[in-house]
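K.L.:
What follows is the file protein_34.cif, containing mmCIF, C-alpha atoms:
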```cif
data_data
#
loop_
_atom_site.label_atom_id
_atom_site.label_comp_id
_atom_site.auth_asym_id
_atom_site.auth_seq_id
_atom_site.Cartn_x
_atom_site.Cartn_y
_atom_site.Cartn_z
CA MET V 1139 1.43 4.70 18.92
CA SER V 1140 4.88 3.49 19.81
CA LYS V 1141 7.24 2.17 17.18
CA ASN V 1142 6.50 -1.33 18.47
CA THR V 1143 5.02 -3.17 15.49
CA SER V 1144 4.07 -6.18 17.59
CA PRO V 1145 2.40 -4.81 20.70
CA THR V 1146 1.17 -7.09 23.43
CA THR V 1147 -2.49 -7.31 24.36
CA GLU V 1148 -1.76 -5.16 27.42
CA GLU V 1149 -0.08 -2.49 25.27
CA LEU V 1150 -3.06 -2.44 22.92
CA LEU V 1151 -5.28 -1.53 25.85
CA SER V 1152 -3.59 1.87 26.05
CA PHE V 1153 -3.95 2.68 22.33
CA SER V 1154 -6.31 5.45 21.25
CA ARG V 1155 -8.83 4.68 18.51
CA SER V 1156 -6.58 6.32 15.90
CA GLU V 1157 -3.54 4.38 17.16
CA THR V 1158 -5.53 1.15 16.99
CA LYS V 1159 -6.63 1.94 13.44
CA ALA V 1160 -3.03 2.73 12.45
CA TYR V 1161 -1.91 -0.55 14.05
CA ILE V 1162 -4.55 -2.52 12.13
CA PHE V 1163 -3.44 -0.91 8.85
CA SER V 1164 0.21 -1.57 9.71
CA LEU V 1165 -0.58 -5.21 10.46
CA GLN V 1166 -2.53 -5.44 7.22
CA GLU V 1167 0.35 -3.95 5.20
CA SER V 1168 2.82 -6.38 6.76
CA LEU V 1169 0.53 -9.33 6.05
CA GLN V 1170 -0.05 -8.19 2.46
CA LYS V 1171 3.71 -7.92 1.83
CA LYS V 1172 4.15 -11.49 3.02
CA LEU V 1173 1.23 -12.75 0.94
CA ASN V 1174 2.49 -10.87 -2.13
CA SER V 1175 5.92 -12.42 -1.68
CA GLY V 1176 4.36 -15.83 -2.30
CA LEU V 1177 3.77 -16.99 1.26
CA THR V 1178 0.41 -18.54 2.06
CA MET V 1179 -1.56 -17.86 5.24
CA ASP V 1180 -0.54 -21.33 6.40
CA ASP V 1181 3.13 -20.40 5.88
CA ILE V 1182 2.67 -17.17 7.83
CA LEU V 1183 0.79 -18.85 10.66
CA ASP V 1184 3.50 -21.53 10.90
CA GLU V 1185 5.99 -18.72 11.62
CA GLU V 1186 3.84 -16.40 13.76
CA ASP V 1187 0.30 -15.49 14.69
CA PRO V 1188 -0.10 -11.92 13.43
CA PHE V 1189 -3.44 -11.64 15.25
CA ASP V 1190 -2.17 -12.85 18.62
CA ALA V 1191 -2.37 -9.53 20.50
CA LEU V 1192 -5.86 -8.80 19.16
CA GLU V 1193 -7.28 -12.27 19.71
CA LEU V 1194 -8.03 -11.84 23.41
CA LEU V 1195 -9.72 -8.48 22.79
CA LEU V 1196 -11.91 -9.17 19.78
CA PRO V 1197 -15.38 -10.59 20.28
CA GLN V 1198 -15.84 -13.96 18.60
CA GLU V 1199 -18.14 -12.51 15.93
CA VAL V 1200 -15.67 -9.75 14.96
CA TYR V 1201 -12.51 -11.87 14.79
CA PRO V 1202 -13.33 -13.47 11.40
CA ILE V 1203 -14.16 -10.04 9.97
CA LEU V 1204 -10.69 -8.82 10.99
CA VAL V 1205 -8.97 -11.87 9.51
CA LEU V 1206 -10.87 -11.65 6.21
CA ALA V 1207 -10.24 -7.91 5.98
CA MET V 1208 -6.53 -8.51 6.55
CA ILE V 1209 -6.20 -11.32 4.03
CA ASN V 1210 -8.28 -9.57 1.35
CA ASN V 1211 -6.80 -6.11 2.03
CA ILE V 1212 -10.22 -4.59 2.72
CA ARG V 1213 -10.02 -1.05 4.08
CA SER V 1214 -13.52 0.27 3.63
CA ASN V 1215 -14.73 2.59 6.36
CA THR V 1216 -17.66 0.28 7.09
CA VAL V 1217 -15.47 -2.76 7.71
CA ILE V 1218 -12.79 -0.89 9.66
CA GLU V 1219 -15.42 0.84 11.83
CA ALA V 1220 -17.04 -2.53 12.56
CA ILE V 1221 -13.67 -3.91 13.63
CA LEU V 1222 -12.89 -0.87 15.80
CA GLU V 1223 -16.33 -0.91 17.44
CA GLY V 1224 -16.03 -4.63 18.10
CA LEU V 1225 -12.57 -4.11 19.50
CA GLU V 1226 -13.80 -1.37 21.83
CA ARG V 1227 -16.54 -3.69 23.13
CA GLY V 1228 -14.01 -6.48 23.48
CA ILE V 1229 -11.60 -4.25 25.41
CA GLU V 1230 -14.37 -3.32 27.83
CA GLU V 1231 -15.27 -7.00 28.31
CA TYR V 1232 -11.58 -7.93 28.70
CA ARG V 1233 -11.09 -5.25 31.36
CA ASN V 1234 -14.21 -6.44 33.19
CA ARG V 1235 -12.99 -10.05 33.12
CA THR V 1236 -9.50 -9.16 34.32
CA SER V 1237 -10.76 -6.86 37.08
CA GLN V 1238 -12.98 -9.68 38.39
CA ASP V 1239 -9.95 -11.98 38.52
CA LEU V 1240 -8.17 -9.63 40.95
#
```
Turn the structure described in the file into structure tokens.
P.N.:
Amino acid sequence: MSKNTSPTTEELLSFSRSETKAYIFSLQESLQKKLNSGLTMDDILDEEDPFDALELLLPQEVYPILVLAMINNIRSNTVIEAILEGLERGIEEYRNRTSQDL
């Protein structure tokens, strides 16, 4: 994974599974630091959307799992695997949608 801590959706498409997992943990750590500093999710979302690059790739049913895992600092293998599997499905669907638009 590149040192880019805020990859674009297009950059995420080139990540390996391990790079994606590392990115998710990095995003989670960053979010936790902000929450632990006293900011609320509303405060954070007023400044930025930390999930922006992932939003187009995650299926609708997986997106809330990601957000809850991030906010509650959940790192269990079961939850992370569900997110990664959903993301892989979402990437395939995204690629199919974008290739049809060409």
K.L.:
Give as a ChimeraX atom specification each residue that has an atom at most 10 Å from (0.8, -14.6, 0.3) in the file, counting only C-alpha atoms.
P.N.:
/V:1169-1182,1209
K.L.:
Could you jot down the atom CA of V:Leu1222 to atom CA of V:Glu1186 separation for me, Å, one decimal place?
P.N.:
22.9 Å
K.L.:
What separation in Å, quoted to one decimal, exists between atom CA of V:Phe1163 and atom CA of V:Arg1213?
P.N.:
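For atom CA of V:Phe1163 relative to atom CA of V:Arg1213, the distance reads 8.1 Å.
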K.L.:
Considering all atoms listed in the file, return as a PyMOL selection string whatever protein or nucleic-acid residues lie within 9 Å of V:Leu1194, sequence-local ones (same chain, fewer than 2 positions apart) excluded.
P.N.:
chain V and resi 1147+1190-1192+1196-1197+1228-1229+1232
K.L.:
Determine the nearest neighbour of V:Phe1153 from the options V:Glu1231, V:Glu1167, V:Glu1219, V:Glu1226, counting only C-alpha atoms.
P.N.:
V:Glu1226
K.L.:
In terms of the shortest atom-to-atom distance over all atoms listed in the file, which of V:Lys1159, V:Pro1202, V:Gln1166, V:Asn1234 is closest to V:Ile1218?
P.N.:
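Selected residue with least distance to V:Ile1218: V:Lys1159.
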